[in-house]
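Written out below as C-alpha cells is the structure these notes cover.
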Amino acid sequence: IIVDGVRECRIEDSLDALIADFEQMEISGNPISAGQEGDREALRKLPDVSQAAMAEAQRITTEFIKRHSALAARPMSGEKRLNYDLLGFVLKQRQRLLPFDEARIPFTNDSGFFNFMSYVSRQTTFQTVDDYEAYAARLTEMPRFFAQHKANMRRGIETNMTASAEIMPGIISTVKELSEGPAKEHSFYTPFKSYPDTISAEEQARLTSLGEAVITNAVTPAYRDLEKFLSEEYTPKARKVVGIGTTEEGRNYYRALTRHFTTLDLTPDEVHQIGLDEVARIRGEMDTIIKELNFNGSFADFLNFLRTAPQFYATSEEQLLKEAAWMAKQLDGKMPEFFETLPRLSYGVIPVPKEIAPNYTTGRYWGGNPEQHRAGNYVVNTYNLKERPLYNLPALTAHEGVPGHHHQIALGQELKDVPPFRQSLYPNAFGEGWGLYSEKLAKEMGLYKTPYEDFGRLTYEMWRACRLVVDTGMHWKGWTREQAEACFFENSALAPHNIRTEVERYISWPGQALAYKIGELKILELRKRAETQLGDKFNIRRFHDAILLDGGVPLDMLEAKIDRWIFDEKSRP
C-alpha cells in the first residue's frame with residue numbers, strides 16, 4: 001500500500017518489493033546517479049540538499065527500517081538472506097547518523113559541494129548535442145545548489161556544529177581559483193573545447209557560446225558569492241579547535257562515527273589503544289630495515305635522509321605518472337597467481353586535476369562504469385613533486401589500483417543476479433581495509449624491489465596506524481593539530497606537505513580514518529585463521545575470491561562468511 005510515496009509494510013510486503021522501492025528511492029534522490037543510468041532529465045539537475053529534502057529522506061529511511069524489521073521472521077536462505085542482511089546494514093548505518101544532521105558540514109578539506117563538479121564533469125559522457133545542453137543546464141543549477149548548502153551551513157553556525165577553522169584556508173583557495181579567469185579557461189568549460197564529428201560546425205559554435213555564457217553568468221558568480229560567504233561569514237564562526245569532541249553532541253556523534261566506519265562495536269578508547277600497539281609493532285619492523293641498510297644515524301636522521309635525498313623524487317610530472325603506470329602493470333601481470341576471478345573492467349593512471357590538486361590527497365581511485373564503457377582511474381597527485389617520494393609509490397599503486405580498490409570495486413560492479421545497491425556497496429572498513437591489505441599483499445607479489453620501497457610500504461602502514469591514534473586523539477581526547485602531526489613526523493617518512501594535508505583530512509572527516517587499519521587487521525586475522533585451520537588445503541586464490549565475490553560487507557558479516565568458507569574448504573576433496 002502506497003502512502004505519501006512510501007509503501008507501508010503489510011502482510012503482502014516482500015523483500016523483493018522492499019529492495020525495489022529502496023533502489024527507486026536511491027535513484028530518484030540522486031540526479032547524478034540517475035543521469036548515469038540514462039535519465040536524460042536528471043542530467044540537467046544537481047541534488048536537492050534543502051532542509052526539507054533532507055527531512056523527507058529521513059522520514060522515508062525510517063519507513064524502510066520499519067518495513068525491513070517486519071520481514072525479519074520471514075524464512076530466507078542463501079542470497080536472499082544476504083540481500084536482506086546487507087539492506088539492513090545500509091539502513092542501520094543511515095539510522096545511526098540521522099540524529100546528527102550531517103548536512104551542516106557538507107565538505108572535507110579536499111572534497112565536497114565546492115568542487116563536486118570537478119568530478120562530475122569528468123564522469124559525464126559527451127556524444128550528442130543534448131549531452132552538452134544537459135551539462136550546461138546542470139551548471140545553471142550551481143547557484144541554487146550552493147545556496148542550499150549555505151543555508152545548511154548557517155544552521156550549523158546556529159547550532160554550534162561547524163567545520164574547524166584549520167581547514168578553511170585551503171577550501172577558500174580552491175573556491176577562489178574556481179571563481180576567477182575568463183570563462184574559456186575555467187575547468188568546467190573543458191567539455192566545450194572538443195566535439196564529436198557527428199555534431200555540425202553550426203551546432204558546435206552555438207554550444208561553445210552556450211558554454212561560455214553559463215560559466216560567465218552562473219558558475220563564476222556562484223563561486224564568487226561562495227568565497228564571500230566562506231571568508232566573511234563562515235570562517236569567523238568555524239570551530240576554533242580541531243576535534244568535534246568538545247560538546248556532548250560532538251562526543252555522541254564521534255561514538256556513532258566510530259561504529260559507522262569500523263562496522264564493529266568498538267569504542268574510541270579501544271581504537272586508540274589498537275593504534276598505539278600497531279605503531280609500536282611497525283616501528284620495530286622499520287628499525288630492522290634501517291639496521292639491515294647499515295645506515296649511520298638515528299631513526300630521525302634516516303627519515304630526514306628519505307625526505308631530502310634527490311634520488312627518491314621524480315623530476316617531472318610525466319616521470320611520476322610513468323613510474324606509477326609501470327608499477328601498476330607489474331601488479332597486473334601477477335594478478336592471476338593470487339586471484340581466481342578478475343574483473344573485465346580496465347583502469348588507467350591519470351593526474352589529479354590541477355584545480356583541486358594543492359589540497360587533494362596523494363592518490364585516489366575514481367571508479368569506472370561497465371555499463372557506460374568507462375574505465376576506472378588510479379589518480380596520482382603530481383602537485384609539488386618534491387613532496388611525492390617514489391619510495392611510497394608502490395604501496396600507493398597497490399592500494400588504489402590492483403589488487404586494491406580497482407580490483408575490489410570493479411568485481412562488485414560486475415556482480416550478477418544481485419540487487420543494484422550491492423554492486424556499489426562500500427562499507428569503509430571492508431573497502432579501505434582491503435586497500436591496506438593489498439599493500440602488504442603486493443610484497444608477496446614482488447612489487448617492492450628495494451629496502452627503501454619496503455620501508456615506504458611500512459611508512460604507509462604506519463600512516464594508517466597513526467590514523468587510529470590521531471583521529472581518536474583529536475576528536476575524543478582533545479589533542480591539538482601539532483600533537484597529531486607529531487605521530488607522523490616522528491614515526492613515518494611521509495613528506496611534510498602530505499602530513500599537513502592528511503591531518504587536515506582527519507580534522508575534517510571524523511572517524512573515516514579508522515576504517516583502514518581496523519579492516520586490514522580483520523582480513524589478516526581471517527587469513528591467518530584460514531591458513532591455520534586448512535593447512536595444505538589453504539588456497540590463496542580461493543581465499544581472496546571468498547573475501548571479495550559477494551561485494552562489500554561489514555566486518556562481522558565477513559568473519560561469519562569466512563568461517564563458513566573454511567568449513568566448506570575442509571570438506572573439499
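Chains: A, B, ... in order of the C-alpha cells. Residues: from 1 per chain. Ligands: from 1, in order shown.
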
Please provide the set of residues having any atom within 9 Å of Gly363 of chain A, restricted to only C-alpha atoms, with same-chain residues fewer than 6 positions apart removed, written as a ChimeraX atom specification.
-> /A:351-352,378-381,396-397,400

Those same residues - N, CA and C atoms - I'd like them written as a CSV table (one decimal), in the first residue's frame.
chain,number,residue,atom,x,y,z
A,351,PRO,N,46.6,12.1,-13.7
A,351,PRO,CA,46.9,13.0,-12.7
A,351,PRO,C,45.7,13.6,-12.0
A,352,VAL,N,45.8,14.0,-10.7
A,352,VAL,CA,44.7,14.7,-10.1
A,352,VAL,C,44.5,16.0,-10.8
A,378,TYR,N,43.2,5.2,-11.5
A,378,TYR,CA,44.1,5.5,-10.4
A,378,TYR,C,44.6,6.9,-10.6
A,379,VAL,N,44.3,7.8,-9.7
A,379,VAL,CA,44.5,9.2,-9.8
A,379,VAL,C,45.7,9.6,-8.9
A,380,VAL,N,46.8,10.1,-9.5
A,380,VAL,CA,48.0,10.4,-8.8
A,380,VAL,C,48.2,11.9,-8.7
A,381,ASN,N,48.5,12.4,-7.5
A,381,ASN,CA,48.7,13.8,-7.3
A,381,ASN,C,50.2,14.2,-7.7
A,396,LEU,N,51.2,2.9,-2.7
A,396,LEU,CA,50.0,3.7,-3.2
A,396,LEU,C,49.4,3.0,-4.4
A,397,THR,N,50.2,2.5,-5.3
A,397,THR,CA,49.7,1.9,-6.5
A,397,THR,C,48.9,0.6,-6.2
A,400,GLU,N,45.4,1.7,-4.6
A,400,GLU,CA,44.4,2.4,-5.4
A,400,GLU,C,44.1,1.6,-6.7

| message | Let's see if you can do this: from backbone DSSP, list all alpha helix (DSSP H) residues in segment 331-572 of chain A, as a PyMOL selection string. | response | chain A and resi 331-338+393-400+405-413+420-423+428-444+451-476+481-491+496-508+515-534+540-548+555-570

One residue among A:Glu212, A:Asp471, A:Glu520, A:Glu414 is nearest to Asn428 of chain A when using only C-alpha atoms, and that residue is A:Glu520

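Atom pair atom CA of Asp332 of chain A / atom CA of Thr450 of chain A: separated by 19.7 Å.
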
**Q.** segment 344-350 of chain A surroundings by only C-alpha atoms, 12 Å radius, close-in-sequence under 4 positions cut, as JSON, numbers by chain
**A.** {"A": [122, 317, 318, 320, 321, 322, 323, 324, 325, 326, 327, 328, 329, 332, 354, 363, 364, 365, 366, 367, 368, 369, 370, 371, 372, 373, 374, 375, 376, 377, 378, 379, 380, 381, 382, 397, 400, 401, 402, 403, 404, 405, 406, 407, 408, 409, 410, 411, 412, 413, 414, 415]}

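Nearest residue to Leu549 of chain A, choosing from A:Glu340, A:Ile499, A:His399, A:Arg464 and counting only C-alpha atoms: A:Glu340.
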
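Using only C-alpha atoms for every distance, the candidate list A:Phe126, A:Ile547, A:Ile19, A:Val90 yields A:Ile547 as the residue closest to Phe339 of chain A.
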
Show which residues sit within 8 Å of Met286 of chain A, as JSON, numbers by chain. Count only C-alpha atoms, and ignore same-chain residues fewer than 3 positions away. {"A": [282, 283, 289, 290, 455, 458]}

Here atom CA of Pro420 of chain A and atom CA of Lys80 of chain A stand apart by 13.8 Å

With distances taken over only C-alpha atoms, the candidate from A:Pro358, A:Pro47, A:Gly519, A:Gly78 nearest Val553 of chain A is A:Gly519

Note to self: Give me, as a list in words, all polymer residues having an atom no more than 10 Å from Arg500 of chain A, counting only C-alpha atoms and skipping those fewer than 6 positions away in the same chain.
What the structure shows: Asn359, Arg481, Glu482, Ala484, Glu485, Phe488, Phe489 and Leu494 of chain A

* From a DSSP pass on the backbone, collect the residues of segment 254-485 of chain A flagged as strand (DSSP E or B) and hand them back as a ChimeraX atom specification. => /A:313,347-351,363-366,369,374,376-380,389

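Atom CA of Thr315 of chain A is positioned 22.2 Å from atom CA of Gln330 of chain A.
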
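Using only C-alpha atoms for every distance, the candidate list A:Ala183, A:Val279, A:Ala515, A:Ala205 yields A:Ala515 as the residue closest to Phe430 of chain A.
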
Using only C-alpha atoms, the best pick from A:Leu257, A:Asn252, A:Gly473, A:Gly446 as closest to Arg94 of chain A would be A:Leu257

Could you list, as a compact mmCIF listing (two decimals) with all heavy atoms, in the first residue's frame, every residue within 10 Å of Asn160 of chain A, counting only C-alpha atoms and ignoring same-chain residues fewer than 6 positions away?
# COMPACT_ATOMS: atom_id res chain seq x y z
N ARG A 104 24.99 19.89 7.89
CA ARG A 104 25.53 21.14 8.42
C ARG A 104 27.01 21.32 8.09
O ARG A 104 27.51 22.45 8.07
CB ARG A 104 25.33 21.18 9.94
CG ARG A 104 23.88 21.33 10.38
CD ARG A 104 23.75 21.30 11.89
NE ARG A 104 24.05 19.98 12.46
CZ ARG A 104 24.08 19.72 13.76
NH1 ARG A 104 23.84 20.70 14.64
NH2 ARG A 104 24.34 18.50 14.19
N ARG A 154 24.70 27.61 7.63
CA ARG A 154 24.24 28.63 8.59
C ARG A 154 23.53 27.96 9.77
O ARG A 154 23.65 28.40 10.91
CB ARG A 154 23.31 29.62 7.90
CG ARG A 154 24.02 30.59 6.97
CD ARG A 154 23.09 31.67 6.44
NE ARG A 154 23.82 32.67 5.68
CZ ARG A 154 23.75 32.81 4.35
NH1 ARG A 154 22.94 32.02 3.65
NH2 ARG A 154 24.46 33.73 3.74
N LYS A 237 33.13 32.05 12.29
CA LYS A 237 32.30 31.29 13.23
C LYS A 237 32.68 29.80 13.29
O LYS A 237 32.07 29.04 14.04
CB LYS A 237 30.82 31.42 12.84
CG LYS A 237 30.29 32.85 12.89
CD LYS A 237 30.28 33.39 14.31
CE LYS A 237 29.72 34.80 14.36
NZ LYS A 237 28.31 34.86 14.01
N ALA A 238 33.65 29.40 12.47
CA ALA A 238 34.06 28.00 12.46
C ALA A 238 34.67 27.64 13.81
O ALA A 238 35.22 28.49 14.52
CB ALA A 238 35.06 27.75 11.34
N ARG A 239 34.60 26.35 14.17
CA ARG A 239 35.09 25.94 15.49
C ARG A 239 36.59 26.20 15.58
O ARG A 239 37.35 26.01 14.62
CB ARG A 239 34.73 24.50 15.79
CG ARG A 239 35.50 23.43 15.06
CD ARG A 239 35.14 22.02 15.60
NE ARG A 239 36.00 21.01 15.02
CZ ARG A 239 35.71 20.27 13.95
NH1 ARG A 239 34.55 20.42 13.34
NH2 ARG A 239 36.58 19.37 13.49
N THR A 247 31.88 18.97 22.77
CA THR A 247 30.49 19.15 23.20
C THR A 247 29.86 17.77 23.38
O THR A 247 30.35 16.76 22.86
CB THR A 247 29.68 19.93 22.15
OG1 THR A 247 29.58 19.14 20.95
CG2 THR A 247 30.35 21.26 21.83
N GLU A 249 27.03 16.75 22.08
CA GLU A 249 26.60 16.28 20.76
C GLU A 249 27.79 15.75 19.97
O GLU A 249 27.72 14.70 19.33
CB GLU A 249 25.91 17.39 19.97
CG GLU A 249 25.44 16.91 18.60
CD GLU A 249 24.89 18.01 17.71
OE1 GLU A 249 25.21 19.20 17.95
OE2 GLU A 249 24.15 17.68 16.76
N GLY A 250 28.91 16.47 20.05
CA GLY A 250 30.10 16.05 19.31
C GLY A 250 30.61 14.69 19.77
O GLY A 250 31.02 13.86 18.96

Sorted per-residue table, segment 311-361 of chain A near segment 114-119 of chain A, closest atoms and distance, 10 Å, only C-alpha atoms, as CSV:
residue,atom,partner,partner_atom,distance
A:Pro353,CA,A:Ser118,CA,7.9
A:Glu355,CA,A:Ser118,CA,8.3
A:Ile356,CA,A:Asn115,CA,7.6

Using only C-alpha atoms, which residues sit within 10 Å of Arg572 of chain A once same-chain residues fewer than 4 positions away are excluded, as a VMD selection string?
chain A and resid 537 567 to 568
